[in-house]
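What's in target.csv: CSV, C-alpha atoms
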chain,number,residue,atom,x,y,z
A,1,MET,CA,37.0,27.2,88.7
A,2,ASP,CA,38.8,24.3,87.0
A,3,GLU,CA,42.2,25.8,88.0
A,4,PHE,CA,41.0,26.0,91.6
A,5,VAL,CA,39.8,22.4,91.6
A,6,GLY,CA,43.0,21.2,90.0
A,7,ARG,CA,45.1,22.9,92.7
A,8,ALA,CA,43.0,21.5,95.5
A,9,GLY,CA,43.8,17.9,94.5
A,10,PHE,CA,42.2,14.8,95.9
A,11,ASN,CA,39.9,14.5,92.9
A,12,THR,CA,37.7,11.5,93.2
A,13,ARG,CA,35.4,10.1,90.5
A,14,VAL,CA,32.6,7.6,91.2
A,15,VAL,CA,30.4,5.8,88.6
A,16,ALA,CA,27.7,3.4,89.6
A,17,PHE,CA,26.4,0.9,87.1
A,18,PHE,CA,22.9,-0.4,87.9
A,19,TYR,CA,21.8,-3.0,85.4
A,20,ASP,CA,18.2,-3.2,86.6
A,21,LYS,CA,16.6,0.2,87.6
A,22,LYS,CA,13.6,-1.5,89.3
A,23,GLU,CA,15.7,-4.0,91.3
A,24,TYR,CA,18.1,-1.3,92.5
A,25,ALA,CA,15.6,1.5,93.0
A,26,ASP,CA,16.4,1.9,96.7
A,27,GLU,CA,20.2,1.8,96.0
A,28,ILE,CA,19.8,4.4,93.3
A,29,LYS,CA,17.8,6.7,95.6
A,30,MET,CA,20.4,6.3,98.4
A,31,LEU,CA,23.3,7.1,96.0
A,32,ARG,CA,21.5,10.2,94.8
A,33,ASP,CA,20.9,11.2,98.5
A,34,SER,CA,24.6,10.5,99.2
A,35,ALA,CA,25.7,12.6,96.3
A,36,ARG,CA,23.5,15.5,97.6
A,37,HIS,CA,25.1,15.1,101.0
A,38,LEU,CA,28.6,15.3,99.5
A,39,THR,CA,27.9,18.4,97.4
A,40,ASN,CA,30.3,20.3,99.6
A,41,ARG,CA,33.2,18.3,98.0
A,42,PHE,CA,34.1,20.3,94.9
A,43,ASN,CA,36.7,17.7,94.0
A,44,LEU,CA,34.1,14.8,93.7
A,45,ARG,CA,32.0,13.7,90.8
A,46,ILE,CA,29.4,11.0,90.9
A,47,GLY,CA,27.7,9.4,88.0
A,48,ILE,CA,24.9,6.9,87.7
A,49,VAL,CA,24.4,4.6,84.7
A,50,THR,CA,21.1,2.8,84.4
A,51,ASP,CA,20.8,2.1,80.7
A,52,GLN,CA,21.1,-1.7,80.3
A,53,ARG,CA,22.6,-1.5,76.8
A,54,LEU,CA,25.2,1.0,78.0
A,55,VAL,CA,26.0,-1.1,81.1
A,56,THR,CA,26.5,-4.2,78.9
A,57,LYS,CA,28.7,-2.3,76.5
A,58,MET,CA,30.8,-0.9,79.3
A,59,ARG,CA,31.3,-4.3,80.8
A,60,LYS,CA,32.4,-5.7,77.5
A,61,GLU,CA,34.8,-2.8,76.7
A,62,HIS,CA,36.0,-2.1,80.3
A,63,ALA,CA,35.8,-5.5,82.1
A,64,ASP,CA,38.4,-4.2,84.7
A,65,LEU,CA,35.8,-1.8,86.1
A,66,PHE,CA,33.4,-4.7,86.9
A,67,LEU,CA,33.4,-7.5,89.4
A,68,GLU,CA,33.7,-11.1,88.1
A,69,VAL,CA,30.0,-11.7,88.7
A,70,GLY,CA,27.0,-9.4,88.3
A,71,MET,CA,26.4,-6.4,86.1
A,72,SER,CA,25.9,-3.8,88.9
A,73,VAL,CA,28.9,-2.2,90.5
A,74,MET,CA,30.1,1.1,92.0
A,75,VAL,CA,33.6,2.2,90.9
A,76,LEU,CA,35.7,4.8,92.5
A,77,ARG,CA,38.9,6.2,91.1
A,78,ARG,CA,41.0,8.0,93.6
A,79,TYR,CA,43.2,11.0,92.7
A,80,ASP,CA,46.3,8.7,92.5
A,81,GLY,CA,44.6,6.4,90.0
A,82,THR,CA,43.7,3.6,92.5
A,83,LEU,CA,40.4,1.8,91.7
A,84,PHE,CA,38.0,0.6,94.2
A,85,LYS,CA,34.9,-1.5,93.4
A,86,LEU,CA,31.7,-2.0,95.5
A,87,ASN,CA,29.3,-4.8,94.8
A,88,VAL,CA,26.0,-2.9,95.1
A,89,ALA,CA,24.1,-6.1,95.3
A,90,ASP,CA,25.9,-7.1,98.5
A,91,SER,CA,26.4,-3.7,100.3
A,92,GLN,CA,24.5,-1.4,102.6
A,93,PRO,CA,23.4,1.7,100.7
A,94,SER,CA,23.4,3.7,104.0
A,95,LYS,CA,27.2,3.4,103.9
A,96,TYR,CA,27.8,4.9,100.5
A,97,VAL,CA,28.9,8.3,101.9
A,98,TRP,CA,31.4,6.6,104.2
A,99,TRP,CA,32.7,4.2,101.5
A,100,ILE,CA,33.3,7.1,99.1
A,101,ALA,CA,35.0,9.3,101.7
A,102,VAL,CA,37.2,6.4,103.1
A,103,HIS,CA,38.5,5.6,99.6
A,104,SER,CA,39.0,9.2,98.5
A,105,THR,CA,42.3,9.4,100.4
A,106,LYS,CA,45.2,7.1,101.2
A,107,PRO,CA,45.6,5.8,104.7
A,108,ILE,CA,48.8,7.8,105.1
A,109,ASP,CA,48.5,11.2,103.3
A,110,LYS,CA,49.5,14.8,103.6
A,111,LEU,CA,47.1,16.7,105.7
A,112,ASP,CA,45.7,19.8,104.0
A,113,ALA,CA,42.3,21.4,103.8
A,114,ALA,CA,41.0,18.9,101.2
A,115,SER,CA,42.2,15.7,102.9
A,116,TYR,CA,41.0,17.0,106.3
A,117,GLN,CA,37.5,17.7,104.9
A,118,ILE,CA,37.3,14.2,103.4
A,119,THR,CA,38.7,12.5,106.5
A,120,GLU,CA,36.4,14.4,108.8
A,121,SER,CA,33.3,13.7,106.7
A,122,ALA,CA,34.0,10.0,107.1
A,123,ARG,CA,34.6,10.4,110.8
A,124,MET,CA,37.9,8.7,110.4
A,125,PRO,CA,40.5,9.1,113.1
A,126,ILE,CA,43.4,11.5,112.3
A,127,ILE,CA,46.9,11.1,113.7
A,128,THR,CA,49.2,14.0,112.9
A,129,VAL,CA,52.8,13.3,112.3
A,130,PHE,CA,55.3,16.1,111.7
A,131,CYS,CA,58.0,15.3,109.2
A,132,ASP,CA,61.0,17.2,108.1
A,133,PHE,CA,62.3,16.4,104.6
A,134,LYS,CA,64.7,19.4,104.3
A,135,ASP,CA,67.3,18.1,106.8
A,136,PRO,CA,68.9,14.9,105.3
A,137,ILE,CA,69.0,13.1,108.7
A,138,ALA,CA,65.5,14.1,109.6
A,139,ALA,CA,64.3,13.3,106.1
A,140,GLU,CA,65.6,9.7,106.3
A,141,LYS,CA,63.9,9.3,109.7
A,142,SER,CA,60.7,10.8,108.5
A,143,THR,CA,60.7,8.5,105.4
A,144,ASN,CA,61.2,5.5,107.7
A,145,LEU,CA,58.4,6.6,110.0
A,146,LEU,CA,56.0,7.0,107.1
A,147,LYS,CA,56.9,3.5,105.8
A,148,LEU,CA,56.3,2.1,109.3
A,149,LEU,CA,52.9,3.8,109.5
A,150,GLU,CA,51.9,2.5,106.1
A,151,GLU,CA,52.7,-1.1,107.3
A,152,VAL,CA,50.8,-0.6,110.5
A,153,THR,CA,47.6,0.8,108.9
A,154,VAL,CA,47.0,-2.5,107.1
A,155,GLY,CA,45.9,-4.0,110.4
A,156,PHE,CA,43.4,-1.2,111.0
So that I can check it, write out the structure of this file as structure tokens.
Amino acid sequence: MDEFVGRAGFNTRVVAFFYDKKEYADEIKMLRDSARHLTNRFNLRIGIVTDQRLVTKMRKEHADLFLEVGMSVMVLRRYDGTLFKLNVADSQPSKYVWWIAVHSTKPIDKLDAASYQITESARMPIITVFCDFKDPIAAEKSTNLLKLLEEVTVGF
């Protein structure tokens, strides 16, 4: 199974740190519901940390995972190592599934079964561009087109 998951790619890891279980009870429930909804993604792992001592220790040892203020945060590491942080105190728990899916792929990425599944689950639009990297002339044009698309996606 590990070999299959490794070949599929697009591995995404999410850890949510909730400093106060009582204060964030609704958010914790919504994240658990979101995780259940996303169980079809074999390349996704979601963890929840609610032990105050462990949250405090993690903030001290891994300050880069936390926001400047607050002790509660959701952290997502995309397959390419990019980190995203969500302030759980200032976000809508109903959007957890969308937030996780949107940040699981790059705006411009190779379309395969895994990326299609993620993009479709977030109901994100898909534009298909066919590129040829075997022919030197077409490869240069394809590379330029992808660079242009990456510049344009920032506005969307």
Check your understanding: Taking (29.6, 11.4, 92.3) in the file's coordinates, which residues come within 10 Å, counting only C-alpha atoms, written as a PyMOL selection string?
Key -> chain A and resi 12-16+31-32+34-36+38-39+41+43-48+76+100
Practice item. Compare A:Glu151, A:Asp20, A:Asp135, A:Asp112 by their minimum atom-to-atom distance to Arg53 of chain A, counting all atoms listed in the file, and give me the closest one. Key: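 Looking at the shortest contact to Arg53 of chain A, the residue is A:Asp20.
Atom CA of Phe18 of chain A to atom CA of Gln92 of chain A spans 14.8 Å [interatomic distance, one decimal].
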Check your understanding: For Ala101 of chain A, which of A:Ile137, A:Asn11, A:Cys131, A:Lys22 is the closest residue, counting only C-alpha atoms?
Key ->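 Looking at the shortest contact to Ala101 of chain A, the residue is A:Asn11.
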Using all atoms listed in the file, which residues sit within 8 Å of Ala122 of chain A once same-chain residues fewer than 3 positions away are excluded, as a PDB file with C-alpha atoms, in the frame of the given file?
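Full text of around.pdb as output:
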ATOM      1  CA  VAL A  97      28.900   8.300 101.900  1.00  0.00           C
ATOM      2  CA  TRP A  98      31.400   6.600 104.200  1.00  0.00           C
ATOM      3  CA  ALA A 101      35.000   9.300 101.700  1.00  0.00           C
ATOM      4  CA  VAL A 102      37.200   6.400 103.100  1.00  0.00           C
ATOM      5  CA  ILE A 118      37.300  14.200 103.400  1.00  0.00           C
ATOM      6  CA  THR A 119      38.700  12.500 106.500  1.00  0.00           C
TER       7      THR A 119
END
Exercise for review: Please indicate the distance in Å from atom CA of Leu111 of chain A to atom CA of Thr128 of chain A, rounded to one decimal place.
Suggested key: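 Rounded to one decimal, the two atoms are 8.0 Å apart.
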Check your understanding: Distance atom CA of Ala113 of chain A-atom CA of Leu83 of chain A, one decimal place?
Key -> 23.1 Å
Who sits within 12 Å of Leu67 of chain A, all atoms listed in the file, same chain under 2 positions skipped, as a compact mmCIF listing (two decimals) with C-alpha atoms, in the frame of the given file:
# COMPACT_ATOMS: atom_id res chain seq x y z
CA PHE A 17 26.40 0.90 87.10
CA ARG A 59 31.30 -4.30 80.80
CA HIS A 62 36.00 -2.10 80.30
CA ALA A 63 35.80 -5.50 82.10
CA ASP A 64 38.40 -4.20 84.70
CA LEU A 65 35.80 -1.80 86.10
CA VAL A 69 30.00 -11.70 88.70
CA GLY A 70 27.00 -9.40 88.30
CA MET A 71 26.40 -6.40 86.10
CA SER A 72 25.90 -3.80 88.90
CA VAL A 73 28.90 -2.20 90.50
CA MET A 74 30.10 1.10 92.00
CA VAL A 75 33.60 2.20 90.90
CA LEU A 83 40.40 1.80 91.70
CA PHE A 84 38.00 0.60 94.20
CA LYS A 85 34.90 -1.50 93.40
CA LEU A 86 31.70 -2.00 95.50
CA ASN A 87 29.30 -4.80 94.80
CA VAL A 88 26.00 -2.90 95.10
CA ALA A 89 24.10 -6.10 95.30
CA ASP A 90 25.90 -7.10 98.50
Practice item. Please provide as a VMD selection string all residues within 10 Å of Val129 of chain A, with the sequence filter that same-chain residues fewer than 5 positions apart are discarded (counting all atoms listed in the file). Key: chain A and resid 108 110 to 111 142 145 to 146 149
Written file, previous selection with C-alpha atoms, as a PDB file, in the coordinates of the input:
ATOM      1  CA  ILE A 108      48.800   7.800 105.100  1.00  0.00           C
ATOM      2  CA  LYS A 110      49.500  14.800 103.600  1.00  0.00           C
ATOM      3  CA  LEU A 111      47.100  16.700 105.700  1.00  0.00           C
ATOM      4  CA  SER A 142      60.700  10.800 108.500  1.00  0.00           C
ATOM      5  CA  LEU A 145      58.400   6.600 110.000  1.00  0.00           C
ATOM      6  CA  LEU A 146      56.000   7.000 107.100  1.00  0.00           C
ATOM      7  CA  LEU A 149      52.900   3.800 109.500  1.00  0.00           C
TER       8      LEU A 149
END
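With distances restricted to only C-alpha atoms, A:Pro107 is the closest residue to Glu150 of chain A from A:Tyr116, A:Tyr96, A:Pro107, A:Gly81.
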**Study point:** Residue among A:Gly9, A:Val154, A:Tyr19, A:Lys95 lying closest to Lys57 of chain A, counting all atoms listed in the file
**Key:**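 Between A:Gly9, A:Val154, A:Tyr19, A:Lys95, the residue approaching Lys57 of chain A most closely is A:Tyr19.
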